[in-house]
>>> print(open('structure26.pdb').read())   # PDB, C-alpha atoms
MODEL        1
ATOM      1  CA  MET D 128      14.231   1.100  36.612
ATOM      2  CA  ALA D 129      16.281  -0.920  34.142
ATOM      3  CA  GLY D 130      19.440  -0.782  36.221
ATOM      4  CA  PRO D 131      21.723   1.565  38.136
ATOM      5  CA  GLY D 132      22.633   4.526  35.917
ATOM      6  CA  SER D 133      20.447   3.438  32.963
ATOM      7  CA  SER D 134      17.213   5.197  32.124
ATOM      8  CA  PRO D 135      13.963   3.332  31.422
ATOM      9  CA  CYS D 136      13.027   2.700  27.817
ATOM     10  CA  ALA D 137      10.625   5.046  26.055
ATOM     11  CA  SER D 138       7.688   2.690  26.548
ATOM     12  CA  CYS D 139       8.167   2.270  30.281
ATOM     13  CA  LYS D 140       8.616   6.031  30.600
ATOM     14  CA  LEU D 141       5.331   6.634  28.820
ATOM     15  CA  LEU D 142       3.554   3.888  30.732
ATOM     16  CA  ARG D 143       5.136   5.094  33.966
ATOM     17  CA  ARG D 144       6.308   1.750  35.125
ATOM     18  CA  ARG D 145       9.495   0.057  36.139
ATOM     19  CA  CYS D 146      11.619  -0.938  33.151
ATOM     20  CA  ALA D 147      12.569  -4.554  33.805
ATOM     21  CA  LYS D 148      15.868  -6.035  32.671
ATOM     22  CA  ASP D 149      14.005  -8.245  30.208
ATOM     23  CA  CYS D 150      11.558  -5.513  29.087
ATOM     24  CA  ILE D 151      10.291  -6.591  25.675
ATOM     25  CA  PHE D 152      10.145  -3.013  24.427
ATOM     26  CA  ALA D 153      13.544  -1.811  25.603
ATOM     27  CA  PRO D 154      15.660  -2.974  22.619
ATOM     28  CA  TYR D 155      13.352  -1.248  20.128
ATOM     29  CA  PHE D 156      12.178   1.882  21.903
ATOM     30  CA  PRO D 157      15.215   3.738  23.237
ATOM     31  CA  PRO D 158      14.590   6.568  25.702
ATOM     32  CA  ASP D 159      15.904   9.214  23.287
ATOM     33  CA  ASP D 160      12.967   8.698  20.888
ATOM     34  CA  PRO D 161       9.747   8.921  22.881
ATOM     35  CA  HIS D 162       7.646   9.752  19.843
ATOM     36  CA  LYS D 163       8.274   6.334  18.291
ATOM     37  CA  PHE D 164       6.544   4.429  21.065
ATOM     38  CA  ALA D 165       3.932   7.097  21.613
ATOM     39  CA  ILE D 166       2.610   6.758  18.099
ATOM     40  CA  VAL D 167       2.625   2.951  18.140
ATOM     41  CA  HIS D 168       0.852   2.965  21.493
ATOM     42  CA  LYS D 169      -1.727   5.419  20.184
ATOM     43  CA  VAL D 170      -2.685   3.242  17.222
ATOM     44  CA  PHE D 171      -2.089  -0.320  18.395
ATOM     45  CA  GLY D 172      -1.836  -0.128  22.176
ATOM     46  CA  ALA D 173       1.097  -1.275  24.286
ATOM     47  CA  SER D 174      -0.419  -4.623  25.241
ATOM     48  CA  ASN D 175      -1.192  -5.528  21.614
ATOM     49  CA  VAL D 176       2.331  -4.602  20.551
ATOM     50  CA  SER D 177       3.741  -6.646  23.415
ATOM     51  CA  LYS D 178       1.655  -9.685  22.400
ATOM     52  CA  MET D 179       2.700  -9.310  18.757
ATOM     53  CA  LEU D 180       6.385  -9.138  19.678
ATOM     54  CA  GLN D 181       6.137 -12.096  22.028
ATOM     55  CA  GLU D 182       4.776 -14.217  19.191
ATOM     56  CA  LEU D 183       7.785 -13.441  16.998
ATOM     57  CA  PRO D 184      11.316 -14.821  17.125
ATOM     58  CA  VAL D 185      13.799 -12.285  18.493
ATOM     59  CA  HIS D 186      15.605 -11.729  15.191
ATOM     60  CA  GLN D 187      12.381 -10.536  13.512
ATOM     61  CA  ARG D 188      11.189  -8.184  16.206
ATOM     62  CA  ALA D 189      13.155  -5.142  15.055
ATOM     63  CA  ASP D 190      11.623  -5.348  11.590
ATOM     64  CA  ALA D 191       8.179  -5.867  13.071
ATOM     65  CA  VAL D 192       8.564  -2.781  15.253
ATOM     66  CA  ASN D 193       9.720  -0.694  12.299
ATOM     67  CA  SER D 194       6.747  -1.777  10.212
ATOM     68  CA  LEU D 195       4.360  -1.083  13.094
ATOM     69  CA  VAL D 196       5.849   2.395  13.495
ATOM     70  CA  PHE D 197       5.454   2.970   9.774
ATOM     71  CA  GLU D 198       1.815   1.873   9.801
ATOM     72  CA  ALA D 199       1.075   3.924  12.893
ATOM     73  CA  ASN D 200       2.570   7.027  11.299
ATOM     74  CA  ALA D 201       0.547   6.446   8.140
ATOM     75  CA  ARG D 202      -2.621   6.028  10.183
ATOM     76  CA  VAL D 203      -2.043   9.194  12.175
ATOM     77  CA  ARG D 204      -1.399  11.188   9.000
ATOM     78  CA  ASP D 205      -4.399   9.678   7.217
ATOM     79  CA  PRO D 206      -6.904   8.488   9.828
ATOM     80  CA  VAL D 207      -9.316   7.172   7.181
ATOM     81  CA  TYR D 208      -7.049   5.171   4.874
ATOM     82  CA  GLY D 209      -3.696   4.835   6.616
ATOM     83  CA  CYS D 210      -1.308   2.643   4.609
ATOM     84  CA  VAL D 211      -4.090   1.585   2.259
ATOM     85  CA  GLY D 212      -3.949   5.042   0.701
ATOM     86  CA  ALA D 213      -0.308   4.510  -0.152
ATOM     87  CA  ILE D 214      -1.038   1.066  -1.581
ATOM     88  CA  SER D 215      -3.753   2.518  -3.795
ATOM     89  CA  TYR D 216      -1.416   5.267  -4.989
ATOM     90  CA  LEU D 217       1.344   2.792  -5.803
ATOM     91  CA  GLN D 218      -1.038   0.507  -7.653
ATOM     92  CA  ASN D 219      -2.089   3.434  -9.812
ATOM     93  CA  GLN D 220       1.568   4.105 -10.588
ATOM     94  CA  VAL D 221       2.084   0.476 -11.579
ATOM     95  CA  SER D 222      -0.955   0.619 -13.877
ATOM     96  CA  GLN D 223       0.246   3.831 -15.525
ATOM     97  CA  LEU D 224       3.696   2.403 -16.131
ATOM     98  CA  GLN D 225       2.273  -0.800 -17.563
ATOM     99  CA  MET D 226       0.149   1.226 -19.997
ATOM    100  CA  GLN D 227       3.134   3.307 -21.046
ATOM    101  CA  LEU D 228       5.153   0.138 -21.516
ATOM    102  CA  ALA D 229       2.433  -1.398 -23.673
ATOM    103  CA  VAL D 230       2.341   1.705 -25.864
ATOM    104  CA  ALA D 231       6.119   1.749 -26.238
ATOM    105  CA  GLN D 232       6.141  -1.938 -27.141
ATOM    106  CA  ALA D 233       3.390  -1.352 -29.712
ATOM    107  CA  GLU D 234       5.457   1.462 -31.203
ATOM    108  CA  ILE D 235       8.453  -0.838 -31.610
ATOM    109  CA  LEU D 236       6.262  -3.429 -33.251
ATOM    110  CA  CYS D 237       4.883  -0.867 -35.691
ATOM    111  CA  ILE D 238       8.339   0.387 -36.567
ATOM    112  CA  GLN D 239       9.622  -3.156 -37.030
ATOM    113  CA  MET D 240       6.704  -3.984 -39.290
ATOM    114  CA  GLN D 241       7.339  -0.854 -41.343
ATOM    115  CA  ASN D 242      10.910  -1.982 -41.834
ATOM    116  CA  GLU D 243       9.959  -5.469 -42.962
ATOM    117  CA  PRO D 244      10.314  -5.487 -46.793
ATOM    118  CA  THR D 245       7.826  -8.359 -47.244
ATOM    119  CA  LEU D 246       5.050  -6.404 -45.588
ATOM    120  CA  GLN D 247       5.523  -3.066 -47.356
ATOM    121  CA  SER D 248       2.932  -3.945 -50.010
ATOM    122  CA  HIS D 249       0.204  -4.605 -47.391
ATOM    123  CA  HIS D 250      -0.703  -0.970 -46.777
ATOM    124  CA  HIS D 251      -4.101  -1.716 -45.257
ATOM    125  CA  VAL D 252      -2.442  -3.796 -42.534
ATOM    126  CA  LEU D 253      -0.035  -0.964 -41.694
ATOM    127  CA  GLU D 254      -2.863   1.585 -41.629
ATOM    128  CA  LEU D 255      -4.855  -0.568 -39.254
ATOM    129  CA  ASP D 256      -1.849  -0.921 -36.972
ATOM    130  CA  GLN D 257      -1.214   2.818 -37.077
ATOM    131  CA  ASP D 258      -4.841   3.503 -36.164
ATOM    132  CA  HIS D 259      -4.580   0.993 -33.376
ATOM    133  CA  LYS D 260      -1.376   2.655 -32.253
ATOM    134  CA  ALA D 261      -3.052   6.074 -32.335
ATOM    135  CA  LEU D 262      -5.954   4.689 -30.321
ATOM    136  CA  LEU D 263      -3.535   3.220 -27.787
ATOM    137  CA  LEU D 264      -1.678   6.532 -27.529
ATOM    138  CA  GLN D 265      -4.924   8.464 -27.151
ATOM    139  CA  ASN D 266      -6.226   6.127 -24.464
ATOM    140  CA  ASN D 267      -2.906   6.205 -22.666
ATOM    141  CA  ASN D 268      -2.824  10.008 -22.695
ATOM    142  CA  ASN D 269      -6.406  10.193 -21.410
ATOM    143  CA  ASN D 270      -5.674   7.738 -18.645
ATOM    144  CA  ILE D 271      -2.460   9.508 -17.685
ATOM    145  CA  ASN D 272      -4.290  12.860 -17.567
ATOM    146  CA  ASN D 273      -7.041  11.373 -15.416
ATOM    147  CA  CYS D 274      -4.546   9.732 -13.096
ATOM    148  CA  SER D 275      -2.421  12.878 -12.825
ATOM    149  CA  ASN D 276      -5.514  14.940 -11.979
ATOM    150  CA  ASN D 277      -6.372  12.493  -9.227
ATOM    151  CA  ASN D 278      -2.822  12.521  -7.920
ATOM    152  CA  ASN D 279      -2.366  16.282  -7.859
ATOM    153  CA  ASN D 280      -2.601  16.425  -4.093
ATOM    154  CA  ASN D 281      -0.398  13.439  -3.411
ATOM    155  CA  ASN D 282       3.219  13.320  -2.430
ATOM    156  CA  ASN D 283       5.039  11.991  -5.489
ATOM    157  CA  ASN D 284       8.334  11.478  -3.723
ATOM    158  CA  LEU D 285       7.547   8.111  -2.258
ATOM    159  CA  GLY D 286      11.100   7.588  -1.105
ATOM    160  CA  TYR D 287      10.728  10.533   1.245
ATOM    161  CA  ALA D 288       7.219   9.428   2.089
ATOM    162  CA  MET D 289       8.467   5.985   3.064
ATOM    163  CA  SER D 290      10.908   7.454   5.546
ATOM    164  CA  SER D 291       8.635  10.075   6.996
ATOM    165  CA  GLY D 292       5.336   8.218   6.799
ATOM    166  CA  GLN D 293       3.648  11.015   4.820
ATOM    167  CA  PHE D 294       0.715   9.932   2.690
ATOM    168  CA  ASN D 295      -2.309  11.789   1.467
ATOM    169  CA  SER D 296      -4.704   9.844  -0.699
ATOM    170  CA  ASN D 297      -8.438   9.950  -1.109
ATOM    171  CA  PHE D 298      -9.201   7.467  -3.845
ATOM    172  CA  ALA D 299      -9.413   4.066  -2.167
ATOM    173  CA  SER D 300     -12.868   2.564  -1.851
ATOM    174  CA  PRO D 301     -13.832  -0.468   0.218
ATOM    175  CA  SER D 302     -14.444  -2.658  -2.831
ATOM    176  CA  SER D 303     -11.178  -1.607  -4.460
ATOM    177  CA  ILE D 304      -9.340  -2.260  -1.197
ATOM    178  CA  MET D 305     -10.618  -5.815  -1.058
ATOM    179  CA  GLN D 306      -9.757  -6.288  -4.766
ATOM    180  CA  MET D 307      -6.266  -5.037  -3.996
ATOM    181  CA  GLN D 308      -6.001  -7.649  -1.268
ATOM    182  CA  MET D 309      -6.865 -10.418  -3.681
ATOM    183  CA  GLN D 310      -4.418  -9.114  -6.272
ATOM    184  CA  MET D 311      -1.673  -8.794  -3.697
ATOM    185  CA  GLN D 312      -2.149 -12.368  -2.611
ATOM    186  CA  MET D 313      -1.631 -13.504  -6.182
ATOM    187  CA  GLN D 314       1.614 -11.582  -6.589
ATOM    188  CA  ASP D 315       5.113 -12.906  -6.031
ATOM    189  CA  PRO D 316       5.931 -14.026  -2.494
ATOM    190  CA  LEU D 317       7.028 -11.223  -0.195
ATOM    191  CA  LYS D 318      10.698 -10.829   0.509
ATOM    192  CA  GLN D 319      11.775 -12.613   3.626
ATOM    193  CA  GLU D 320      14.936 -10.665   4.296
ATOM    194  CA  SER D 321      14.816  -7.349   6.120
ATOM    195  CA  LEU D 322      13.149  -4.473   4.289
ATOM    196  CA  TRP D 323      14.955  -1.897   6.333
ATOM    197  CA  THR D 324      18.602  -2.613   5.256
TER     198      THR D 324
ATOM    199  CA  MET R  21     -29.443  -9.496  25.989
ATOM    200  CA  ASN R  22     -30.397  -7.968  22.671
ATOM    201  CA  PRO R  23     -30.551 -10.867  20.176
ATOM    202  CA  LYS R  24     -29.442  -8.471  17.458
ATOM    203  CA  ARG R  25     -26.112  -7.517  18.956
ATOM    204  CA  CYS R  26     -23.449  -6.447  16.525
ATOM    205  CA  ALA R  27     -20.410  -8.672  16.017
ATOM    206  CA  ALA R  28     -18.301  -6.438  18.245
ATOM    207  CA  CYS R  29     -20.642  -6.572  21.221
ATOM    208  CA  LYS R  30     -21.117 -10.303  20.752
ATOM    209  CA  TYR R  31     -17.349 -10.751  20.793
ATOM    210  CA  LEU R  32     -16.957  -8.484  23.812
ATOM    211  CA  ARG R  33     -19.920 -10.158  25.514
ATOM    212  CA  ARG R  34     -21.697  -6.966  26.319
ATOM    213  CA  ARG R  35     -24.972  -5.275  25.670
ATOM    214  CA  CYS R  36     -25.219  -3.619  22.257
ATOM    215  CA  PRO R  37     -26.632  -0.127  22.788
ATOM    216  CA  LYS R  38     -28.739   1.652  20.205
ATOM    217  CA  ASP R  39     -25.895   4.078  19.468
ATOM    218  CA  CYS R  40     -23.162   1.412  19.435
ATOM    219  CA  ILE R  41     -20.295   2.851  17.422
ATOM    220  CA  PHE R  42     -19.378  -0.554  16.000
ATOM    221  CA  ALA R  43     -22.839  -1.728  14.983
ATOM    222  CA  PRO R  44     -23.052  -0.091  11.521
ATOM    223  CA  TYR R  45     -19.721  -1.614  10.459
ATOM    224  CA  PHE R  46     -19.622  -5.010  12.165
ATOM    225  CA  PRO R  47     -22.805  -6.894  11.376
ATOM    226  CA  PRO R  48     -23.475 -10.034  13.435
ATOM    227  CA  ASN R  49     -23.127 -12.305  10.402
ATOM    228  CA  ASP R  50     -19.386 -11.592  10.056
ATOM    229  CA  PRO R  51     -17.734 -12.230  13.424
ATOM    230  CA  ALA R  52     -14.278 -12.799  11.909
ATOM    231  CA  LYS R  53     -14.051  -9.188  10.753
ATOM    232  CA  PHE R  54     -14.196  -7.749  14.257
ATOM    233  CA  ALA R  55     -12.123 -10.549  15.736
ATOM    234  CA  CYS R  56      -9.273  -9.751  13.339
ATOM    235  CA  ILE R  57      -9.387  -6.005  13.948
ATOM    236  CA  HIS R  58      -9.653  -6.480  17.709
ATOM    237  CA  ARG R  59      -6.636  -8.772  17.722
ATOM    238  CA  ILE R  60      -4.395  -6.131  16.140
ATOM    239  CA  TYR R  61      -5.785  -2.809  17.337
ATOM    240  CA  GLY R  62      -8.039  -3.571  20.269
ATOM    241  CA  ALA R  63     -11.658  -2.510  20.613
ATOM    242  CA  GLY R  64     -10.819   0.594  22.629
ATOM    243  CA  ASN R  65      -8.392   1.961  20.053
ATOM    244  CA  VAL R  66     -10.781   1.283  17.169
ATOM    245  CA  SER R  67     -13.589   2.983  19.065
ATOM    246  CA  LYS R  68     -11.410   6.054  19.722
ATOM    247  CA  MET R  69     -10.324   6.215  16.073
ATOM    248  CA  LEU R  70     -13.901   6.028  14.834
ATOM    249  CA  GLN R  71     -15.107   8.635  17.296
ATOM    250  CA  GLN R  72     -12.547  11.075  15.939
ATOM    251  CA  LEU R  73     -13.828  10.682  12.382
ATOM    252  CA  PRO R  74     -16.918  12.177  10.751
ATOM    253  CA  ASP R  75     -19.723   9.660  10.168
ATOM    254  CA  GLN R  76     -19.365   9.601   6.403
ATOM    255  CA  THR R  77     -15.736   8.419   6.542
ATOM    256  CA  ARG R  78     -16.086   5.736   9.191
ATOM    257  CA  ALA R  79     -17.065   2.919   6.848
ATOM    258  CA  GLU R  80     -13.939   3.476   4.733
ATOM    259  CA  ALA R  81     -11.816   3.719   7.859
ATOM    260  CA  VAL R  82     -13.152   0.390   9.134
ATOM    261  CA  GLU R  83     -12.465  -1.279   5.787
ATOM    262  CA  SER R  84      -8.907   0.022   5.686
ATOM    263  CA  LEU R  85      -8.310  -1.029   9.302
ATOM    264  CA  CYS R  86      -9.635  -4.499   8.491
ATOM    265  CA  PHE R  87      -7.377  -4.720   5.488
ATOM    266  CA  GLU R  88      -4.327  -3.723   7.495
ATOM    267  CA  ALA R  89      -5.242  -6.051  10.337
ATOM    268  CA  LYS R  90      -5.655  -8.940   7.899
ATOM    269  CA  CYS R  91      -2.269  -8.131   6.349
ATOM    270  CA  ARG R  92      -0.702  -8.095   9.805
ATOM    271  CA  VAL R  93      -2.255 -11.446  10.704
ATOM    272  CA  ASP R  94      -1.011 -12.928   7.417
ATOM    273  CA  ASP R  95       2.449 -11.383   7.797
ATOM    274  CA  PRO R  96       3.164 -10.656  11.465
ATOM    275  CA  VAL R  97       6.562  -9.092  10.700
ATOM    276  CA  TYR R  98       5.802  -6.660   7.885
ATOM    277  CA  GLY R  99       2.017  -6.476   7.604
ATOM    278  CA  CYS R 100       0.870  -4.280   4.712
ATOM    279  CA  VAL R 101       4.292  -2.615   4.603
ATOM    280  CA  GLY R 102       5.414  -5.752   2.797
ATOM    281  CA  ILE R 103       2.862  -5.033   0.093
ATOM    282  CA  ILE R 104       4.109  -1.455  -0.204
ATOM    283  CA  HIS R 105       7.649  -2.730  -0.637
ATOM    284  CA  LEU R 106       6.513  -5.215  -3.280
ATOM    285  CA  LEU R 107       4.722  -2.472  -5.218
ATOM    286  CA  GLN R 108       7.754  -0.203  -5.034
ATOM    287  CA  THR R 109       9.876  -2.993  -6.469
ATOM    288  CA  GLN R 110       7.335  -3.494  -9.256
ATOM    289  CA  ILE R 111       7.410   0.218 -10.019
ATOM    290  CA  GLN R 112      11.191   0.228 -10.166
ATOM    291  CA  ASN R 113      11.214  -2.760 -12.516
ATOM    292  CA  ALA R 114       8.519  -1.234 -14.721
ATOM    293  CA  GLN R 115      10.408   2.075 -14.897
ATOM    294  CA  ASN R 116      13.587   0.271 -15.925
ATOM    295  CA  GLU R 117      11.728  -1.740 -18.544
ATOM    296  CA  LEU R 118      10.001   1.396 -19.848
ATOM    297  CA  ALA R 119      13.264   3.305 -20.120
ATOM    298  CA  LYS R 120      14.840   0.398 -21.993
ATOM    299  CA  THR R 121      11.869   0.086 -24.346
ATOM    300  CA  GLN R 122      11.732   3.826 -25.004
ATOM    301  CA  ALA R 123      15.442   3.767 -25.843
ATOM    302  CA  GLU R 124      14.762   0.935 -28.297
ATOM    303  CA  VAL R 125      11.970   2.995 -29.856
ATOM    304  CA  ALA R 126      14.332   5.939 -30.277
ATOM    305  CA  VAL R 127      16.967   3.728 -31.905
ATOM    306  CA  ALA R 128      14.387   2.131 -34.204
ATOM    307  CA  GLN R 129      13.004   5.539 -35.218
ATOM    308  CA  THR R 130      16.515   6.780 -35.957
ATOM    309  CA  LYS R 131      17.168   3.763 -38.167
ATOM    310  CA  VAL R 132      13.899   4.331 -40.045
ATOM    311  CA  GLY R 133      14.866   7.964 -40.593
ATOM    312  CA  GLN R 134      18.291   6.978 -41.934
ATOM    313  CA  THR R 135      16.751   4.382 -44.267
ATOM    314  CA  GLN R 136      14.263   6.925 -45.633
ATOM    315  CA  ASN R 137      17.024   9.499 -46.193
ATOM    316  CA  SER R 138      19.203   6.999 -48.075
ATOM    317  CA  ASP R 139      16.190   5.964 -50.208
ATOM    318  CA  GLN R 140      15.658   9.589 -51.234
ATOM    319  CA  PHE R 141      19.186   9.865 -52.637
ATOM    320  CA  MET R 142      18.985   6.636 -54.619
TER     321      MET R 142
ENDMDL
END
>>> encode(input="structure26.pdb", output="structure tokens")
Amino acid sequence: MAGPGSSPCASCKLLRRRCAKDCIFAPYFPPDDPHKFAIVHKVFGASNVSKMLQELPVHQRADAVNSLVFEANARVRDPVYGCVGAISYLQNQVSQLQMQLAVAQAEILCIQMQNEPTLQSHHHVLELDQDHKALLLQNNNNNINNCSNNNNNNNNNLGYAMSSGQFNSNFASPSSIMQMQMQMQMQDPLKQESLWT
Amino acid sequence: MNPKRCAACKYLRRRCPKDCIFAPYFPPNDPAKFACIHRIYGAGNVSKMLQQLPDQTRAEAVESLCFEAKCRVDDPVYGCVGIIHLLQTQIQNAQNELAKTQAEVAVAQTKVGQTQNSDQFM
């Protein structure tokens, strides 16, 4: 056991072994939360988690454990897609917002052009822009309707989903997953500070 | 040894049976795929996960596991959770930008309305 009067950590309890003083799991898997280690062990395995933690500096291990727990929860809730389902859902949200932003920016442009006195005589230009604007609005509405139909069964409160690990998505395909990976790699560098503060 | 062992059985140095659960998803010409997934999850865990899934979903499950394993190898601290955080930040920024732009549209439309009203009375 870890010491006189102290109980073994959740991992050593589950693995039914002596909890050493320098147990690598003990700081991150307290005995009062057995589910946390159980789910990580189920998905990744204790030895893999131990290896991963050993390869990390001590100050990053807590964050690593939290992200592993998050991924494990996502995988248990969605055995086919796991976290990838959430990534797909979020990417759809980003796309929708970008479309809405483009439409709003086009609207401003149209209004500004209508207000320009030098362009008021060029009616054919304004008509073309209004048609283009109508086309943009129509396309945006169609895309939003399609996306909202696809997302009907998903949890829209991602803040809650982040904390509880609840995801339910069925629209990721292998090719789109790999495309996502390429897009992600081209995005801004990931934050280095803790995500959990 | 069967010369046509799948990548998993080659990696694990074992015979590849006819009903090998890994064979359909880990062809021998892509050894890195199984190596990555084995490093993060372990062959036993992947096998158990696949056995619990219906056949038609296993290919997607393998692809998503590979993606997550690759993310974890690239970012040992956050894995694909880092990507989720990045996307959430992008969503927040886009929502803020959209709200600001929509407010500008409302202001611009109000100004147009006022201009048209004043023109009518001239």
>>> atom_distance(input="structure26.pdb", atom1="CA of Ala27 in chain R", atom2="CA of Cys40 in chain R")
11.0 Å
>>> closest_atom_pairs(input="structure26.pdb", of="range 207-240 of chain D", to="range 72-84 of chain R", cutoff="7 Å", atoms="all atoms listed in the file", output="Markdown table")
| residue | atom | partner | partner_atom | distance |
| --- | --- | --- | --- | --- |
| D:Val207 | CA | R:Ala81 | CA | 4.3 |
| D:Tyr208 | CA | R:Ser84 | CA | 5.5 |
| D:Val211 | CA | R:Ser84 | CA | 6.1 |
>>> residues_near_point(input="structure26.pdb", point="(5.2, 4.6, -13.6)", cutoff="9 Å", atoms="only C-alpha atoms", output="list in words")
Leu217, Asn219, Gln220, Val221, Ser222, Gln223, Leu224, Gln225, Met226 and Gln227 of chain D; Ile111, Gln112, Ala114, Gln115 and Leu118 of chain R
>>> atom_distance(input="structure26.pdb", atom1="CA of Ile166 in chain D", atom2="CA of Val97 in chain R")
17.9 Å
>>> interface_residues(input="structure26.pdb", of="chain R", to="chain D", cutoff="9 Å", atoms="all atoms listed in the file", output="number ranges by chain")
R: 59-62, 65-66, 69-70, 72-73, 77-85, 87-88, 91, 96-108, 110-111, 114-115, 117-119, 121-122, 124-125, 128-129, 132, 135
>>> residues_around(input="structure26.pdb", residues="Arg25 in chain R", least_positions_apart="4", cutoff="7 Å", atoms="all atoms listed in the file", output="JSON, numbers by chain")
{"R": [29, 30, 36, 48]}
>>> closest_residue(input="structure26.pdb", among="D:Cys136, D:Ala199, D:His186, D:Met240", to="Asp160 in chain D", atoms="all atoms listed in the file")
D:Cys136
>>> residues_near_point(input="structure26.pdb", point="(-21.9, -12.8, 11.9)", cutoff="10 Å", atoms="only C-alpha atoms", output="PyMOL selection string")
chain R and resi 25-28+30+46-54
>>> write_last_selection(input="structure26.pdb", atoms="C-alpha atoms", output="mmCIF file, keeping the file's coordinate frame")
data_model
loop_
_atom_site.group_PDB
_atom_site.id
_atom_site.type_symbol
_atom_site.label_atom_id
_atom_site.label_comp_id
_atom_site.auth_asym_id
_atom_site.auth_seq_id
_atom_site.Cartn_x
_atom_site.Cartn_y
_atom_site.Cartn_z
ATOM 1 C CA ARG R 25 -26.112 -7.517 18.956
ATOM 2 C CA CYS R 26 -23.449 -6.447 16.525
ATOM 3 C CA ALA R 27 -20.410 -8.672 16.017
ATOM 4 C CA ALA R 28 -18.301 -6.438 18.245
ATOM 5 C CA LYS R 30 -21.117 -10.303 20.752
ATOM 6 C CA PHE R 46 -19.622 -5.010 12.165
ATOM 7 C CA PRO R 47 -22.805 -6.894 11.376
ATOM 8 C CA PRO R 48 -23.475 -10.034 13.435
ATOM 9 C CA ASN R 49 -23.127 -12.305 10.402
ATOM 10 C CA ASP R 50 -19.386 -11.592 10.056
ATOM 11 C CA PRO R 51 -17.734 -12.230 13.424
ATOM 12 C CA ALA R 52 -14.278 -12.799 11.909
ATOM 13 C CA LYS R 53 -14.051 -9.188 10.753
ATOM 14 C CA PHE R 54 -14.196 -7.749 14.257
#
